[in-house]
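Trainee: Before I ask anything, here is the structure I am working with.
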Amino acid sequence: MSECDAILNQGIRDTNTFNSIDQVRAFVRRALSWSYDEFKQRRSASSGGGEFKIFEVLGISGGGQGEEEEFNRLKQEFSSNEESFFSKNALKAIYTEVTNESVVNAWLKCVTQGGVSAYFIGDPLEKFTLALTYRPDEESDRDLTITGVSYLYSQPEAGQPLNIDVGKTLQRFQSLVQACRRVDPKKPDSIAVTFDQGRVITVDLPVKPDEIIAGATTSNTTWEYETRSNTDVVTTGRFNIIRTGDVITGTRTKQTHNGQTITPITENIEGFRSGNRIKIYREVPSQNAVQFYDLTRNGTNAIDGRFYNYGNNDAGVIKLRR
């Protein structure tokens, strides 16, 4: 298992079916050893649920026309080169389907970034996992030894192993993970890790706001937004966010694209307030994708967060101001 794949063991959405990504791999390996008839029989006995939902992601679903051909194609691909089949690209859709969102984001960051990476998995306002990953830039780069760890308003979870601590070694192409707990989520927080080669890497944790959207039971607010994708595509426009209880509705209107004014495009949004965060979803039919916004209030007139396009693998940062 690679150092990035190890991140995926930090949380599986359907814990009644899978306890780790290794179990996902084991089931796919076992299922592809069956004949198509045996696969259909076993799937039928499970009513198509549980473990077999993985194959929906791979295009095997419902016994439709061409399914047997597709199943046999997967078997051939698997038998020809198992390691290639279990590559990150081959299993990316499966990872996205079966793991929770914060784990997926950490995994995507890991596989696209060299050097030492640090990120959190889970809810940074309560319990979360601190993860360090080392993907050396040069073949000659050696293992790293931790010489210092500092926390502001969080701490290692009591009773859990101290995996990220002074004297611990972060090996090449490996990860270290540490269970942590936020002590005071209303204060700015960061965790800094120092290594023997003079490297210092920090993870900044968001601040818990008093309220995500101002107002009592119902509020209707307008925000100017700017997004910047990982490929430096910048768009601006306006969000109209309506909150009724914890339910979010409203619209997003895109007005510029990379500095060029465009005919405004208005689309409906929906979502919910979960604890101290807002999660908004927007369908993007032209890209066959769904855009997801993970937002946190930052003061009275600012909301910051990230967006992810599930369908075309785009992602980036977003800020809302009023």
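Residues are named by chain letter and number: chains run A, B, ... in the order of the structure tokens, numbers start at 1 in each chain, and ligands are numbered from 1 in the order shown.
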Would you pick out the contacts of region 219-231 of chain A at 6 Å or less, using only C-alpha atoms, so that residues sharing its chain but fewer than 5 positions from it are not included, and give the list as a list of chain:residue names?
Mentor: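 Using only C-alpha atoms, the neighbours found are A:Thr236, A:Gly237, A:Arg238, A:Phe239, A:Asn240, A:Ile241, A:Ile242, A:Arg243, A:Ala315, A:Gly316, A:Val317, A:Ile318, A:Lys319, A:Leu320, A:Arg321, A:Arg322.
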Trainee: One decimal, in Å: what's the spacing between CA of Gly66 (chain A) and CA of Asp37 (chain A)?
Mentor: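 Computed distance, CA of Gly66 (chain A) to CA of Asp37 (chain A), equals 13.8 Å.
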Trainee: List every residue of region 108-280 of chain A that DSSP, applied to the backbone, labels as alpha helix (DSSP H), and write the result as a PyMOL selection string.
Mentor: chain A and resi 108-111
Trainee: Please save N, CA and C atoms of the selected residues as a JSON list (two decimals), in the first residue's frame.
Mentor:
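Full text of again.json as output:
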[["chain", "number", "residue", "atom", "x", "y", "z"],
["A", 108, "LEU", "N", -6.47, 13.15, -2.34],
["A", 108, "LEU", "CA", -6.21, 13.86, -3.58],
["A", 108, "LEU", "C", -5.03, 14.82, -3.43],
["A", 109, "LYS", "N", -4.94, 15.48, -2.26],
["A", 109, "LYS", "CA", -3.82, 16.39, -2.02],
["A", 109, "LYS", "C", -2.52, 15.60, -1.98],
["A", 110, "CYS", "N", -2.56, 14.44, -1.36],
["A", 110, "CYS", "CA", -1.36, 13.62, -1.23],
["A", 110, "CYS", "C", -0.83, 13.19, -2.59],
["A", 111, "VAL", "N", -1.74, 12.69, -3.47],
["A", 111, "VAL", "CA", -1.26, 12.13, -4.74],
["A", 111, "VAL", "C", -0.84, 13.19, -5.74]]
Trainee: Report the distance between CA of Ile265 (chain A) and CA of Thr235 (chain A) in Å, rounded to one decimal place.
Mentor: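 These atoms are spaced 11.6 Å apart.
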Trainee: Taking only C-alpha atoms into account, which of A:Tyr36, A:Tyr281, A:Phe55, A:Phe292 comes nearest Val24 (chain A)?
Mentor: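 The closest residue to Val24 (chain A) is A:Phe55.
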Trainee: Hey, what's within 6 Å of Glu126 (chain A) if we count only C-alpha atoms and toss same-chain stuff fewer than 2 positions away? As a ChimeraX atom specification, please?
Mentor: /A:123-124,181-182
Trainee: Do you know which residues are at most 12 Å from Val183 (chain A) counting only C-alpha atoms, after dropping those on the same chain fewer than 6 positions away, and could you put them as a list in words?
Mentor: Pro124, Leu125, Glu126, Lys127, Phe128, Tyr151, Leu152, Tyr153, Ser154, Gln155, Pro156, Glu157, Asp189, Ser190, Leu205, Val207 and Lys208 of chain A
Trainee: Could you save the residues just selected, with N, CA and C atoms, as a PDB file, in the first residue's frame?
Mentor:
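again12.pdb was written with the following content:
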ATOM      1  N   PRO A 124     -12.154  19.539  12.037  1.00  0.00           N
ATOM      2  CA  PRO A 124     -11.082  20.248  12.756  1.00  0.00           C
ATOM      3  C   PRO A 124     -11.578  21.070  13.933  1.00  0.00           C
ATOM      4  N   LEU A 125     -12.909  21.151  14.105  1.00  0.00           N
ATOM      5  CA  LEU A 125     -13.456  21.884  15.247  1.00  0.00           C
ATOM      6  C   LEU A 125     -13.656  20.989  16.454  1.00  0.00           C
ATOM      7  N   GLU A 126     -13.567  19.662  16.245  1.00  0.00           N
ATOM      8  CA  GLU A 126     -13.761  18.731  17.352  1.00  0.00           C
ATOM      9  C   GLU A 126     -12.645  17.686  17.343  1.00  0.00           C
ATOM     10  N   LYS A 127     -12.951  16.492  16.863  1.00  0.00           N
ATOM     11  CA  LYS A 127     -11.942  15.441  16.746  1.00  0.00           C
ATOM     12  C   LYS A 127     -11.498  15.326  15.296  1.00  0.00           C
ATOM     13  N   PHE A 128     -10.195  15.166  15.088  1.00  0.00           N
ATOM     14  CA  PHE A 128      -9.685  15.053  13.732  1.00  0.00           C
ATOM     15  C   PHE A 128      -8.377  14.262  13.756  1.00  0.00           C
ATOM     16  N   TYR A 151       1.427  22.685  19.346  1.00  0.00           N
ATOM     17  CA  TYR A 151      -0.015  22.873  19.194  1.00  0.00           C
ATOM     18  C   TYR A 151      -0.400  24.175  19.878  1.00  0.00           C
ATOM     19  N   LEU A 152      -1.364  24.910  19.318  1.00  0.00           N
ATOM     20  CA  LEU A 152      -1.881  26.096  19.982  1.00  0.00           C
ATOM     21  C   LEU A 152      -3.110  25.745  20.816  1.00  0.00           C
ATOM     22  N   TYR A 153      -4.215  25.455  20.141  1.00  0.00           N
ATOM     23  CA  TYR A 153      -5.453  25.168  20.861  1.00  0.00           C
ATOM     24  C   TYR A 153      -6.037  23.810  20.449  1.00  0.00           C
ATOM     25  N   SER A 154      -5.150  22.866  20.229  1.00  0.00           N
ATOM     26  CA  SER A 154      -5.540  21.472  20.025  1.00  0.00           C
ATOM     27  C   SER A 154      -4.468  20.612  20.679  1.00  0.00           C
ATOM     28  N   GLN A 155      -4.711  19.318  20.755  1.00  0.00           N
ATOM     29  CA  GLN A 155      -3.758  18.432  21.413  1.00  0.00           C
ATOM     30  C   GLN A 155      -3.985  17.003  20.934  1.00  0.00           C
ATOM     31  N   PRO A 156      -2.976  16.124  21.109  1.00  0.00           N
ATOM     32  CA  PRO A 156      -3.176  14.711  20.773  1.00  0.00           C
ATOM     33  C   PRO A 156      -4.311  14.115  21.592  1.00  0.00           C
ATOM     34  N   GLU A 157      -5.063  13.241  21.002  1.00  0.00           N
ATOM     35  CA  GLU A 157      -6.172  12.582  21.695  1.00  0.00           C
ATOM     36  C   GLU A 157      -5.628  11.703  22.810  1.00  0.00           C
ATOM     37  N   ASP A 189      -6.032  28.524  15.370  1.00  0.00           N
ATOM     38  CA  ASP A 189      -5.216  27.379  15.766  1.00  0.00           C
ATOM     39  C   ASP A 189      -4.355  26.920  14.599  1.00  0.00           C
ATOM     40  N   SER A 190      -3.199  26.424  14.924  1.00  0.00           N
ATOM     41  CA  SER A 190      -2.335  25.794  13.923  1.00  0.00           C
ATOM     42  C   SER A 190      -1.433  24.792  14.623  1.00  0.00           C
ATOM     43  N   LEU A 205      -5.994  25.495  11.247  1.00  0.00           N
ATOM     44  CA  LEU A 205      -7.331  24.963  11.490  1.00  0.00           C
ATOM     45  C   LEU A 205      -8.339  26.100  11.549  1.00  0.00           C
ATOM     46  N   VAL A 207     -11.599  28.536  12.471  1.00  0.00           N
ATOM     47  CA  VAL A 207     -12.152  29.020  13.727  1.00  0.00           C
ATOM     48  C   VAL A 207     -13.659  28.789  13.729  1.00  0.00           C
ATOM     49  N   LYS A 208     -14.182  28.358  14.863  1.00  0.00           N
ATOM     50  CA  LYS A 208     -15.622  28.151  14.999  1.00  0.00           C
ATOM     51  C   LYS A 208     -16.319  29.498  15.118  1.00  0.00           C
TER      52      LYS A 208
END
